[in-house]
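Pasted below: entry00.cif, mmCIF, C-alpha atoms.
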```
data_model
loop_
_atom_site.label_atom_id
_atom_site.label_comp_id
_atom_site.auth_asym_id
_atom_site.auth_seq_id
_atom_site.Cartn_x
_atom_site.Cartn_y
_atom_site.Cartn_z
CA LYS A 1 7.31 -12.17 6.00
CA GLY A 2 7.24 -10.34 9.29
CA LYS A 3 6.66 -6.95 7.65
CA ILE A 4 4.71 -4.21 9.42
CA VAL A 5 1.51 -3.30 7.55
CA THR A 6 -0.37 -0.19 8.65
CA LEU A 7 -3.47 1.58 7.38
CA SER A 8 -2.92 5.17 6.23
CA LEU A 9 -5.66 7.79 6.50
CA GLY A 10 -5.83 10.99 4.48
CA GLY A 11 -3.66 11.58 1.44
CA ALA A 12 -2.67 14.44 -0.82
CA THR A 13 -6.27 15.07 -1.89
CA GLY A 14 -7.95 14.03 1.35
CA ALA A 15 -9.89 16.52 3.44
CA ALA A 16 -11.13 14.35 6.30
CA SER A 17 -12.05 15.90 9.62
CA PHE A 18 -13.97 15.17 12.81
CA SER A 19 -16.71 17.30 14.33
CA SER A 20 -16.34 16.06 17.90
CA ASP A 21 -14.35 13.83 20.26
CA ALA A 22 -17.20 11.33 20.17
CA GLN A 23 -17.11 11.08 16.38
CA ALA A 24 -13.34 10.61 16.41
CA GLN A 25 -13.62 7.86 19.00
CA ASP A 26 -16.42 6.13 17.10
CA PHE A 27 -14.31 6.15 13.93
CA ALA A 28 -11.38 4.70 15.88
CA ASP A 29 -13.71 1.90 17.03
CA THR A 30 -14.67 1.26 13.39
CA ILE A 31 -11.04 1.11 12.24
CA TRP A 32 -10.16 -1.18 15.15
CA ASN A 33 -12.99 -3.57 14.35
CA LEU A 34 -12.54 -3.59 10.57
CA PHE A 35 -8.76 -3.74 10.24
CA LEU A 36 -7.00 -4.14 13.59
CA GLY A 37 -7.63 -6.28 16.67
CA GLY A 38 -11.41 -5.97 16.90
CA SER A 39 -14.16 -7.99 15.30
CA SER A 40 -16.82 -7.26 12.72
CA SER A 41 -19.01 -9.10 10.25
CA THR A 42 -17.23 -7.03 7.61
CA ARG A 43 -13.45 -7.53 7.56
CA PRO A 44 -11.94 -6.41 4.21
CA PHE A 45 -8.86 -8.59 4.77
CA GLY A 46 -10.61 -11.43 6.54
CA ALA A 47 -8.64 -12.85 9.45
CA ALA A 48 -5.57 -10.72 8.65
CA VAL A 49 -4.87 -8.14 11.37
CA LEU A 50 -3.02 -4.98 10.37
CA ASP A 51 -0.37 -3.45 12.63
CA GLY A 52 -1.61 0.08 13.21
CA VAL A 53 -2.58 3.38 11.62
CA ASP A 54 -0.72 6.15 9.82
CA LEU A 55 -1.94 9.75 9.53
CA ASP A 56 -1.18 11.42 6.20
CA ILE A 57 -3.40 14.43 6.81
CA GLU A 58 -2.85 17.08 4.13
CA GLY A 59 -6.21 18.80 4.14
CA GLY A 60 -9.36 19.42 6.17
CA GLY A 61 -9.11 19.93 9.92
CA THR A 62 -7.13 18.03 12.54
CA THR A 63 -9.20 18.88 15.59
CA TYR A 64 -10.06 15.78 17.64
CA TYR A 65 -7.42 13.58 15.96
CA ALA A 66 -5.75 13.24 19.35
CA SER A 67 -8.97 11.61 20.59
CA PHE A 68 -8.88 9.24 17.62
CA ILE A 69 -5.31 8.20 18.45
CA SER A 70 -6.06 7.92 22.15
CA ARG A 71 -8.92 5.54 21.40
CA ILE A 72 -6.71 3.38 19.16
CA ARG A 73 -4.06 3.31 21.91
CA SER A 74 -6.71 2.35 24.45
CA HIS A 75 -7.80 -0.63 22.36
CA ALA A 76 -4.19 -1.65 21.74
CA SER A 77 -3.19 -1.48 25.40
CA GLY A 78 -4.89 -4.77 26.16
CA ALA A 79 -3.83 -6.55 22.97
CA ILE A 80 -1.37 -9.42 22.72
CA LYS A 81 0.54 -7.82 19.81
CA GLN A 82 2.14 -4.43 19.24
CA TYR A 83 0.24 -1.76 17.32
CA TYR A 84 1.83 1.34 15.78
CA VAL A 85 0.72 4.93 15.32
CA THR A 86 2.71 6.89 12.72
CA ALA A 87 2.33 10.08 10.69
CA ALA A 88 3.59 11.57 7.42
CA PRO A 89 3.89 15.35 7.91
CA GLN A 90 5.27 17.77 5.34
CA CYS A 91 8.89 18.84 5.93
CA VAL A 92 7.94 22.41 6.85
CA TYR A 93 8.08 22.58 10.64
CA PRO A 94 5.63 22.70 12.26
CA ASP A 95 3.33 20.90 9.85
CA ALA A 96 0.30 23.01 8.93
CA TYR A 97 -2.20 20.20 9.54
CA LEU A 98 -0.49 17.73 11.88
CA GLY A 99 1.57 20.09 14.03
CA THR A 100 -0.79 20.23 17.02
CA VAL A 101 -1.64 16.52 16.75
CA LEU A 102 2.03 15.52 16.77
CA ASN A 103 2.50 17.48 19.99
CA ALA A 104 -0.59 16.06 21.69
CA ALA A 105 -0.42 12.32 20.97
CA ALA A 106 2.26 9.62 21.15
CA PHE A 107 3.67 8.52 17.78
CA ASP A 108 6.07 5.66 17.12
CA ALA A 109 7.50 7.18 13.92
CA VAL A 110 7.06 10.15 11.61
CA TYR A 111 7.77 9.90 7.87
CA VAL A 112 8.62 13.51 7.02
CA GLN A 113 7.91 14.23 3.35
CA TYR A 114 10.98 16.08 2.10
CA ASN A 115 9.76 17.90 -0.99
CA ASN A 116 8.66 21.55 -1.23
CA PHE A 117 11.25 24.26 -0.42
CA CYS A 118 12.71 22.21 2.42
CA GLY A 119 13.06 19.20 0.12
CA LEU A 120 16.04 17.00 -0.58
CA GLN A 121 16.98 19.13 -3.58
CA ASN A 122 17.94 21.84 -1.06
CA TYR A 123 19.87 19.60 1.32
CA ASN A 124 22.95 21.85 1.07
CA ASN A 125 20.93 24.98 1.84
CA ALA A 126 21.11 25.56 5.60
CA ASN A 127 18.07 27.85 5.39
CA ALA A 128 15.94 25.09 3.82
CA TRP A 129 17.02 21.68 5.11
CA ASP A 130 15.48 21.26 8.56
CA PHE A 131 15.97 17.70 9.83
CA GLY A 132 17.55 19.29 12.92
CA LEU A 133 14.20 20.86 13.80
CA TRP A 134 12.46 17.48 13.60
CA ASP A 135 15.21 15.87 15.66
CA ASN A 136 14.74 18.55 18.32
CA TRP A 137 10.97 17.97 18.22
CA ALA A 138 11.52 14.24 18.75
CA LYS A 139 13.78 14.78 21.77
CA THR A 140 12.16 17.74 23.50
CA VAL A 141 8.53 18.14 22.37
CA ALA A 142 7.17 14.76 21.26
CA VAL A 143 5.08 12.81 23.77
CA ASN A 144 7.10 9.69 22.94
CA LYS A 145 10.74 10.73 23.26
CA ASN A 146 11.79 7.51 21.48
CA VAL A 147 9.93 8.41 18.30
CA LYS A 148 11.92 7.83 15.09
CA VAL A 149 12.12 10.39 12.29
CA TYR A 150 12.36 9.15 8.69
CA ILE A 151 13.42 11.06 5.61
CA GLY A 152 10.54 10.82 3.14
CA ALA A 153 11.64 10.98 -0.49
CA PRO A 154 9.98 10.69 -3.92
CA ALA A 155 10.87 7.35 -5.53
CA SER A 156 11.17 8.92 -8.97
CA SER A 157 11.04 12.30 -10.67
CA THR A 158 7.37 11.68 -11.47
CA ALA A 159 6.38 10.91 -7.87
CA ALA A 160 6.42 14.57 -6.77
CA GLY A 161 6.89 18.05 -8.17
CA SER A 162 10.17 18.46 -6.28
CA GLY A 163 12.47 16.65 -3.89
CA TYR A 164 13.72 13.81 -6.09
CA VAL A 165 17.45 13.05 -5.95
CA ASP A 166 19.34 10.04 -7.30
CA ALA A 167 19.96 6.97 -5.14
CA ALA A 168 23.63 7.75 -4.48
CA THR A 169 22.80 11.27 -3.27
CA LEU A 170 19.97 10.04 -1.07
CA GLY A 171 22.24 7.37 0.39
CA SER A 172 24.88 9.96 1.25
CA ILE A 173 22.28 12.20 2.89
CA ALA A 174 21.02 9.25 4.93
CA LYS A 175 24.53 8.40 6.13
CA ALA A 176 25.24 11.99 7.17
CA THR A 177 21.88 12.27 8.96
CA ARG A 178 22.37 8.96 10.73
CA ALA A 179 25.77 10.09 11.99
CA THR A 180 24.41 13.40 13.30
CA TYR A 181 20.93 12.75 14.67
CA SER A 182 20.04 9.88 16.98
CA SER A 183 16.33 10.16 16.13
CA PHE A 184 16.99 9.15 12.52
CA GLY A 185 15.00 6.04 11.67
CA GLY A 186 15.59 5.48 7.96
CA ILE A 187 14.23 6.38 4.55
CA MET A 188 10.61 6.39 3.39
CA LEU A 189 9.81 6.40 -0.34
CA TRP A 190 6.56 7.13 -2.10
CA ASP A 191 5.50 4.97 -3.70
CA ALA A 192 6.26 1.29 -4.40
CA SER A 193 5.16 1.35 -8.03
CA GLN A 194 7.33 4.42 -8.70
CA ALA A 195 10.34 2.75 -7.06
CA TYR A 196 9.97 -0.44 -9.08
CA ALA A 197 9.41 1.40 -12.35
CA ASN A 198 12.48 3.52 -11.59
CA GLY A 199 14.89 0.58 -11.86
CA ARG A 200 14.22 -0.66 -8.30
CA PHE A 201 15.15 2.69 -6.80
CA ASP A 202 14.43 1.21 -3.36
CA SER A 203 17.18 -1.39 -3.72
CA ALA A 204 19.63 1.18 -5.03
CA VAL A 205 18.96 3.50 -2.08
CA LYS A 206 19.31 0.69 0.43
CA SER A 207 22.64 -0.30 -1.10
CA ALA A 208 23.84 3.31 -1.10
CA MET A 209 22.94 3.73 2.57
CA GLY A 210 25.11 0.83 3.68
CA ALA A 211 24.97 -0.86 7.07
CA GLY A 212 23.98 0.64 10.39
CA THR A 213 20.69 2.20 9.35
CA GLY A 214 18.41 3.63 12.00
CA SER A 215 16.23 1.29 14.02
CA ASN A 216 12.54 0.48 13.63
CA PRO A 217 9.90 2.43 15.56
CA SER A 218 10.12 1.79 19.30
CA THR A 219 8.35 -1.41 20.25
CA THR A 220 7.78 -3.62 23.24
CA THR A 221 6.91 -6.78 21.31
CA GLN A 222 7.58 -8.02 17.83
CA ALA A 223 4.78 -7.36 15.38
CA THR A 224 4.16 -9.61 12.42
CA THR A 225 1.34 -9.77 9.95
CA THR A 226 0.45 -12.64 7.66
CA LEU A 227 -1.57 -11.82 4.60
CA SER A 228 -3.08 -14.61 2.57
CA THR A 229 -4.40 -14.63 -0.96
CA THR A 230 -6.84 -17.24 -2.20
CA LYS A 231 -6.91 -18.12 -5.89
CA PHE A 232 -10.15 -19.41 -7.22
CA THR A 233 -10.03 -21.67 -10.32
CA THR A 234 -13.12 -22.85 -12.12
CA THR A 235 -13.03 -25.60 -14.75
CA THR A 236 -15.95 -25.84 -17.13
CA LYS A 237 -16.48 -29.08 -19.02
CA SER A 238 -19.38 -29.87 -21.27
CA THR A 239 -20.38 -32.99 -23.16
CA THR A 240 -22.63 -33.14 -26.18
CA ALA A 241 -23.71 -35.87 -28.54
CA THR A 242 -22.30 -34.38 -31.72
CA SER A 243 -19.38 -35.05 -34.01
CA ILE A 244 -16.91 -32.28 -34.59
CA SER A 245 -14.50 -31.96 -37.45
CA PRO A 246 -10.91 -31.63 -36.12
CA SER A 247 -10.25 -28.73 -38.46
CA ALA A 248 -13.05 -26.76 -36.83
CA THR A 249 -11.17 -26.29 -33.54
CA THR A 250 -8.31 -23.80 -33.11
CA THR A 251 -6.33 -22.75 -30.03
CA VAL A 252 -5.20 -19.15 -29.58
CA GLY A 253 -2.82 -17.73 -26.94
CA THR A 254 -0.97 -19.15 -23.96
CA GLY A 255 -2.67 -17.64 -20.88
CA ASN A 256 -5.28 -19.64 -18.94
CA CYS A 257 -8.00 -17.05 -18.37
CA ALA A 258 -10.77 -19.36 -17.20
CA SER A 259 -12.70 -17.73 -14.33
CA VAL A 260 -10.21 -14.85 -14.05
CA ALA A 261 -11.93 -11.50 -13.50
CA ALA A 262 -11.33 -8.56 -15.79
CA TRP A 263 -9.05 -5.80 -14.47
CA ALA A 264 -10.93 -3.00 -12.68
CA SER A 265 -9.52 0.46 -12.00
CA ASN A 266 -11.30 0.71 -8.62
CA VAL A 267 -10.00 -2.56 -7.17
CA ALA A 268 -6.77 -3.02 -5.19
CA TYR A 269 -4.70 -6.09 -6.11
CA VAL A 270 -1.87 -7.81 -4.25
CA GLY A 271 1.15 -9.58 -5.69
CA GLY A 272 0.22 -12.84 -7.41
CA GLN A 273 -3.37 -11.92 -8.23
CA GLN A 274 -4.39 -12.30 -11.87
CA VAL A 275 -6.71 -10.33 -14.15
CA THR A 276 -7.63 -10.25 -17.81
CA TYR A 277 -7.14 -7.12 -19.88
CA ASN A 278 -7.33 -6.58 -23.65
CA GLY A 279 -7.52 -10.33 -24.24
CA HIS A 280 -4.40 -11.13 -22.18
CA LEU A 281 -3.82 -12.70 -18.78
CA TRP A 282 -1.86 -10.48 -16.37
CA THR A 283 -0.27 -11.18 -12.96
CA ALA A 284 0.38 -8.43 -10.37
CA GLN A 285 3.98 -8.32 -9.14
CA TRP A 286 3.12 -6.34 -6.02
CA TRP A 287 0.29 -4.30 -4.45
CA THR A 288 -1.35 -2.06 -7.00
CA TYR A 289 -4.35 0.20 -7.37
CA GLY A 290 -5.36 1.95 -10.58
CA ASP A 291 -2.23 0.86 -12.54
CA THR A 292 -3.33 -0.33 -15.98
CA PRO A 293 -1.90 -3.70 -17.14
CA GLY A 294 0.81 -2.93 -19.66
CA GLY A 295 1.13 0.63 -18.38
CA SER A 296 4.26 2.58 -17.47
CA ALA A 297 4.19 1.56 -13.79
CA GLY A 298 5.38 -1.92 -14.76
CA VAL A 299 3.24 -3.54 -12.07
CA TRP A 300 1.71 -6.28 -14.24
CA THR A 301 3.40 -9.24 -15.93
CA ASP A 302 1.89 -10.22 -19.28
CA ASN A 303 1.27 -13.97 -19.28
CA GLY A 304 0.19 -13.99 -22.90
CA ALA A 305 -3.05 -14.01 -24.83
CA CYS A 306 -5.92 -15.92 -23.28
CA ASN A 307 -6.44 -19.54 -24.35
CA LEU A 308 -9.58 -19.82 -26.40
CA LYS A 309 -10.88 -22.87 -28.26
CA LEU A 310 -13.24 -21.83 -31.01
CA VAL A 311 -15.65 -24.39 -32.43
CA ALA A 312 -17.17 -23.47 -35.76
CA THR A 313 -20.87 -24.34 -35.60
CA SER A 314 -21.00 -25.01 -39.34
CA ALA A 315 -18.59 -27.91 -38.85
CA ILE A 316 -20.73 -29.57 -36.17
CA SER A 317 -23.04 -32.26 -37.51
CA ALA A 318 -25.51 -34.21 -35.43
CA SER A 319 -24.81 -37.92 -35.37
CA ALA A 320 -27.69 -39.32 -33.42
CA SER A 321 -28.33 -42.45 -35.45
CA ALA A 322 -29.67 -45.34 -33.47
CA GLY A 323 -27.06 -47.13 -31.45
CA HIS A 324 -24.23 -44.75 -32.36
CA HIS A 325 -23.09 -41.31 -31.33
CA THR A 326 -19.87 -39.41 -30.90
CA THR A 327 -19.15 -37.57 -27.62
CA ALA A 328 -17.15 -34.37 -28.01
CA THR A 329 -15.67 -32.52 -25.07
CA HIS A 330 -14.73 -28.91 -25.71
CA SER A 331 -13.34 -26.25 -23.43
CA VAL A 332 -13.89 -22.54 -23.68
CA ALA A 333 -12.19 -19.83 -21.64
CA PHE A 334 -14.80 -17.98 -19.62
CA VAL A 335 -14.22 -14.58 -18.04
CA LYS A 336 -16.52 -13.63 -15.19
CA ALA A 337 -16.66 -9.96 -14.29
CA VAL A 338 -16.52 -10.55 -10.55
CA SER A 339 -14.27 -8.24 -8.53
CA PRO A 340 -12.51 -9.32 -5.29
CA ALA A 341 -14.44 -8.50 -2.14
CA SER A 342 -13.83 -4.95 -1.06
CA ILE A 343 -15.48 -2.06 0.74
CA VAL A 344 -16.35 0.79 -1.59
CA SER A 345 -17.17 4.33 -0.55
CA SER A 346 -17.76 7.35 -2.74
CA LYS A 347 -15.54 9.39 -0.44
CA ALA A 348 -12.76 6.82 -0.08
CA SER A 349 -9.37 7.57 -1.57
CA VAL A 350 -7.39 4.35 -1.95
CA GLY A 351 -3.80 4.83 -3.06
CA ALA A 352 -0.33 3.66 -2.31
CA ARG A 353 2.64 4.73 -0.27
CA THR A 354 5.83 2.80 0.50
CA THR A 355 8.34 3.03 3.41
CA LEU A 356 11.85 1.65 3.19
CA SER A 357 13.91 0.56 6.18
CA GLN A 358 17.09 -1.51 6.14
CA SER A 359 15.43 -4.40 7.90
CA THR A 360 11.75 -3.76 7.31
CA THR A 361 9.53 -3.18 4.28
CA SER A 362 5.95 -2.18 4.99
CA HIS A 363 3.15 -2.13 2.52
CA SER A 364 0.00 -0.50 3.56
CA ALA A 365 -3.24 -2.01 2.35
CA ALA A 366 -6.44 -0.68 0.81
CA SER A 367 -9.43 0.49 2.83
CA ALA A 368 -12.48 2.68 2.59
CA SER A 369 -14.60 4.78 4.91
CA SER A 370 -16.93 7.71 4.88
CA LEU A 371 -14.11 9.88 6.22
CA GLY A 372 -11.72 9.10 3.37
CA VAL A 373 -9.35 6.28 4.24
CA HIS A 374 -6.23 6.43 2.11
CA SER A 375 -3.91 3.47 1.65
CA SER A 376 -0.23 4.08 1.08
CA ARG A 377 2.82 2.12 0.10
CA PHE A 378 6.06 2.86 1.89
CA PHE A 379 9.44 1.23 1.67
CA ARG A 380 11.32 1.79 4.93
CA PHE A 381 15.05 1.13 5.13
#
```
As structure tokens, how would this structure be written, given the file I've shared?
Amino acid sequence: KGKIVTLSLGGATGAASFSSDAQAQDFADTIWNLFLGGSSSTRPFGAAVLDGVDLDIEGGGTTYYASFISRIRSHASGAIKQYYVTAAPQCVYPDAYLGTVLNAAAFDAVYVQYNNFCGLQNYNNANAWDFGLWDNWAKTVAVNKNVKVYIGAPASSTAAGSGYVDAATLGSIAKATRATYSSFGGIMLWDASQAYANGRFDSAVKSAMGAGTGSNPSTTTQATTTLSTTKFTTTTKSTTATSISPSATTTVGTGNCASVAAWASNVAYVGGQQVTYNGHLWTAQWWTYGDTPGGSAGVWTDNGACNLKLVATSAISASASAGHHTTATHSVAFVKAVSPASIVSSKASVGARTTLSQSTTSHSAASASSLGVHSSRFFRF
């Protein structure tokens, strides 16, 4: 509880851009009303209010993004809670897409993605490792001189083409950076599913970092978000005036799949939600999108084969003689192909990124828009 949840826009394959200040401001209004402190007849997360926006712009153009941020800040200025604006630039300084935006708008934190040549694998190469440049940016160039800089790291060797180091090495790098640069905020990992599948890499890194990790993004009030999940259970009971031979009924499996929707690759699920897949009932352990139940990500817990009572029709004989009948109640597991409410857009890229901080774990949530909203999972230590 009390975790910061922000909405991330862009992504590795995103190419979103604005054509004018007016369009950027209108989109900011849409994001505010759909996910933040505004109001709309369409709220993907209902009454839940997210805590801000994150820019992971890795394609397209970044002109007018400062207007987008300014509009978000304008809305937030009169709010009763704190809202955050963060970014996830590449480690090469200045970032090819976000460089001018970072210099023009106020950010609370930047999650620098340390792969590529300047990645963590080259930490000992003074010509490659450049956290000092980002620290200098934070103190001398950034609009918000209290902005925090996080080391972004792949959570496993399969999360990125380069930059992955083991937890002990990453912990040592974090300690050295914390001792040298006051702008250091913590570690960001992408993504949550990779970290969990990699033996809880997030926990190992946090342990390796030790106490005294960098602080959270600068705030004036405490921000908390409460997300709620509603489970719908349907019980179907039917009564018929027939007699059924006991040997005609068999029970298979252990999972109660009644009214549980089938897993869908284009639906985001949160921890605790259940789906059916290949005749089994599955429960999500954490936020997931596109991870197949039983797959390598290890997101889903197999609750066993679905319960199913089969009644052989040949064993059912009518017994409707005058003054006498037998009432048989039978239950059958029904699966309704109904997906959770969500906004779907052909141009939306919904994914996952995770930030890790010693005291805060933030999980971004899914969204969709015509400009390509990308959801990310970050663990932040």
Separation of CA of Ala192 in chain A from CA of Ala66 in chain A in Å: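 Spanning CA of Ala66 in chain A to CA of Ala192 in chain A is a straight-line distance of 29.2 Å.
Picture a line from CA of Trp286 in chain A to CA of Gly272 in chain A; it runs 7.3 Å.
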Around the point (1.4, 7.3, 6.4), in the coordinates given by the file, pick out the residues reaching within 7 Å, counting all atoms listed in the file, and return them as a ChimeraX atom specification. /A:8,54-56,86-88,376
Could you name the residues that touch Gln25 in chain A at 7 Å or less, counting all atoms listed in the file, but leaving out those on the same chain fewer than 2 positions away, as a VMD selection string? chain A and resid 21 to 23 27 to 29 67 to 68 71
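Using only C-alpha atoms, the residues found no farther than 12 Å from Ser77 in chain A, other than those of its own chain fewer than 6 positions away, are Gly37, Ser70, Arg71, Tyr83, Tyr84 and Thr220 of chain A.
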Determine the residue set returned by the PyMOL selection byres ((chain A and resi 176-180) around 12) for the present structure, and present it as a tab-separated table (two decimals) with C-alpha atoms, in the coordinates of the input.
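Heads up, here's the output in part_23.tsv:
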```
chain	number	residue	atom	x	y	z
A	123	TYR	CA	19.87	19.60	1.32
A	124	ASN	CA	22.95	21.85	1.07
A	129	TRP	CA	17.02	21.68	5.11
A	130	ASP	CA	15.48	21.26	8.56
A	131	PHE	CA	15.97	17.70	9.83
A	132	GLY	CA	17.55	19.29	12.92
A	134	TRP	CA	12.46	17.48	13.60
A	135	ASP	CA	15.21	15.87	15.66
A	148	LYS	CA	11.92	7.83	15.09
A	149	VAL	CA	12.12	10.39	12.29
A	150	TYR	CA	12.36	9.15	8.69
A	151	ILE	CA	13.42	11.06	5.61
A	169	THR	CA	22.80	11.27	-3.27
A	170	LEU	CA	19.97	10.04	-1.07
A	171	GLY	CA	22.24	7.37	0.39
A	172	SER	CA	24.88	9.96	1.25
A	173	ILE	CA	22.28	12.20	2.89
A	174	ALA	CA	21.02	9.25	4.93
A	175	LYS	CA	24.53	8.40	6.13
A	181	TYR	CA	20.93	12.75	14.67
A	182	SER	CA	20.04	9.88	16.98
A	183	SER	CA	16.33	10.16	16.13
A	184	PHE	CA	16.99	9.15	12.52
A	185	GLY	CA	15.00	6.04	11.67
A	186	GLY	CA	15.59	5.48	7.96
A	187	ILE	CA	14.23	6.38	4.55
A	209	MET	CA	22.94	3.73	2.57
A	210	GLY	CA	25.11	0.83	3.68
A	211	ALA	CA	24.97	-0.86	7.07
A	212	GLY	CA	23.98	0.64	10.39
A	213	THR	CA	20.69	2.20	9.35
A	214	GLY	CA	18.41	3.63	12.00
A	215	SER	CA	16.23	1.29	14.02
```
Taking the file as shown, find all residues satisfying the PyMOL selection byres ((chain A and resi 107) around 10) and write them as a list in words. Asp54, Ile69, Tyr84, Val85, Thr86, Ala87, Val101, Leu102, Asn103, Ala104, Ala105, Ala106, Asp108, Ala109, Val110, Ala138, Ala142, Val143, Asn144, Lys145, Asn146, Val147, Lys148, Pro217 and Ser218 of chain A
Need the shell around Val270 in chain A: protein/DNA/RNA residues with any atom at most 7 Å away, counting all atoms listed in the file. Skip same-chain ones fewer than 2 positions apart. Format as a PyMOL selection string? chain A and resi 268+272-273+284+286-288
Best match for closeness to Ser157 in chain A among A:Gln121, A:Ser41, A:Gly271, A:Met188, counting only C-alpha atoms: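 Checking each candidate against Ser157 in chain A, we get A:Gln121 as the closest.
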Name the residues captured by the PyMOL selection byres ((chain A and resi 57) around 12) when it is applied to the shown file; answer as a ChimeraX atom specification. /A:8-17,54-56,58-63,65,86-90,95-99,101-102,113,371-374
Now that the selection is made, can you save its residues with C-alpha atoms as a JSON list (two decimals), in the coordinates of the input?
```json
[["chain", "number", "residue", "atom", "x", "y", "z"],
["A", 8, "SER", "CA", -2.92, 5.17, 6.23],
["A", 9, "LEU", "CA", -5.66, 7.79, 6.50],
["A", 10, "GLY", "CA", -5.83, 10.99, 4.48],
["A", 11, "GLY", "CA", -3.66, 11.58, 1.44],
["A", 12, "ALA", "CA", -2.67, 14.44, -0.82],
["A", 13, "THR", "CA", -6.27, 15.07, -1.89],
["A", 14, "GLY", "CA", -7.95, 14.03, 1.35],
["A", 15, "ALA", "CA", -9.89, 16.52, 3.44],
["A", 16, "ALA", "CA", -11.13, 14.35, 6.30],
["A", 17, "SER", "CA", -12.05, 15.90, 9.62],
["A", 54, "ASP", "CA", -0.72, 6.15, 9.82],
["A", 55, "LEU", "CA", -1.94, 9.75, 9.53],
["A", 56, "ASP", "CA", -1.18, 11.42, 6.20],
["A", 58, "GLU", "CA", -2.85, 17.08, 4.13],
["A", 59, "GLY", "CA", -6.21, 18.80, 4.14],
["A", 60, "GLY", "CA", -9.36, 19.42, 6.17],
["A", 61, "GLY", "CA", -9.11, 19.93, 9.92],
["A", 62, "THR", "CA", -7.13, 18.03, 12.54],
["A", 63, "THR", "CA", -9.20, 18.88, 15.59],
["A", 65, "TYR", "CA", -7.42, 13.58, 15.96],
["A", 86, "THR", "CA", 2.71, 6.89, 12.72],
["A", 87, "ALA", "CA", 2.33, 10.08, 10.69],
["A", 88, "ALA", "CA", 3.59, 11.57, 7.42],
["A", 89, "PRO", "CA", 3.89, 15.35, 7.91],
["A", 90, "GLN", "CA", 5.27, 17.77, 5.34],
["A", 95, "ASP", "CA", 3.33, 20.90, 9.85],
["A", 96, "ALA", "CA", 0.30, 23.01, 8.93],
["A", 97, "TYR", "CA", -2.20, 20.20, 9.54],
["A", 98, "LEU", "CA", -0.49, 17.73, 11.88],
["A", 99, "GLY", "CA", 1.57, 20.09, 14.03],
["A", 101, "VAL", "CA", -1.64, 16.52, 16.75],
["A", 102, "LEU", "CA", 2.03, 15.52, 16.77],
["A", 113, "GLN", "CA", 7.91, 14.23, 3.35],
["A", 371, "LEU", "CA", -14.11, 9.88, 6.22],
["A", 372, "GLY", "CA", -11.72, 9.10, 3.37],
["A", 373, "VAL", "CA", -9.35, 6.28, 4.24],
["A", 374, "HIS", "CA", -6.23, 6.43, 2.11]]
```
Which one of A:Cys91, A:Val141, A:Ala24, A:Ala264 sits closest to Tyr111 in chain A if you count all atoms listed in the file?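 Smallest separation from Tyr111 in chain A among the options: A:Cys91.
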Any idea what the distance is between CA of Val275 in chain A and CA of Ala258 in chain A?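 Taking CA of Val275 in chain A and CA of Ala258 in chain A, their separation equals 10.4 Å.
Among the candidates A:Ser265, A:Ser259, A:Ser296, A:Asn278, the one nearest to Thr158 in chain A when counting all atoms listed in the file is A:Ser296.
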Between A:Gly199, A:Pro293, A:Pro94, A:Gly119, which residue has the minimum interatomic distance to Tyr269 in chain A, considering only C-alpha atoms?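 Once distances to Tyr269 in chain A are computed over only C-alpha atoms, the minimum belongs to A:Pro293.
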Taking all atoms of range 30-47 of chain A that appear in the file, build a box with edges along x, y and z, extend it by 4 Å on every side, and state its centre and edge lengths in Å to one decimal, as lines of an AutoDock Vina configuration file.
```
center_x = -13.0
center_y = -5.8
center_z = 10.6
size_x = 20.0
size_y = 22.1
size_z = 20.7
```
So, counting only C-alpha atoms, which residue among A:Thr276, A:Asn116, A:Ser156, A:Thr100 is closest to Cys306 in chain A? A:Thr276
List the spatial neighbours of Asp51 in chain A as a list in words - criterion: any atom at most 9 Å away, only C-alpha atoms, same-chain residues fewer than 6 positions off excluded. Ile4, Val5, Thr6, Leu7, Phe35, Leu36, Gly37, Lys81, Gln82, Tyr83, Tyr84, Val85, Ala223, Thr224 and Thr225 of chain A
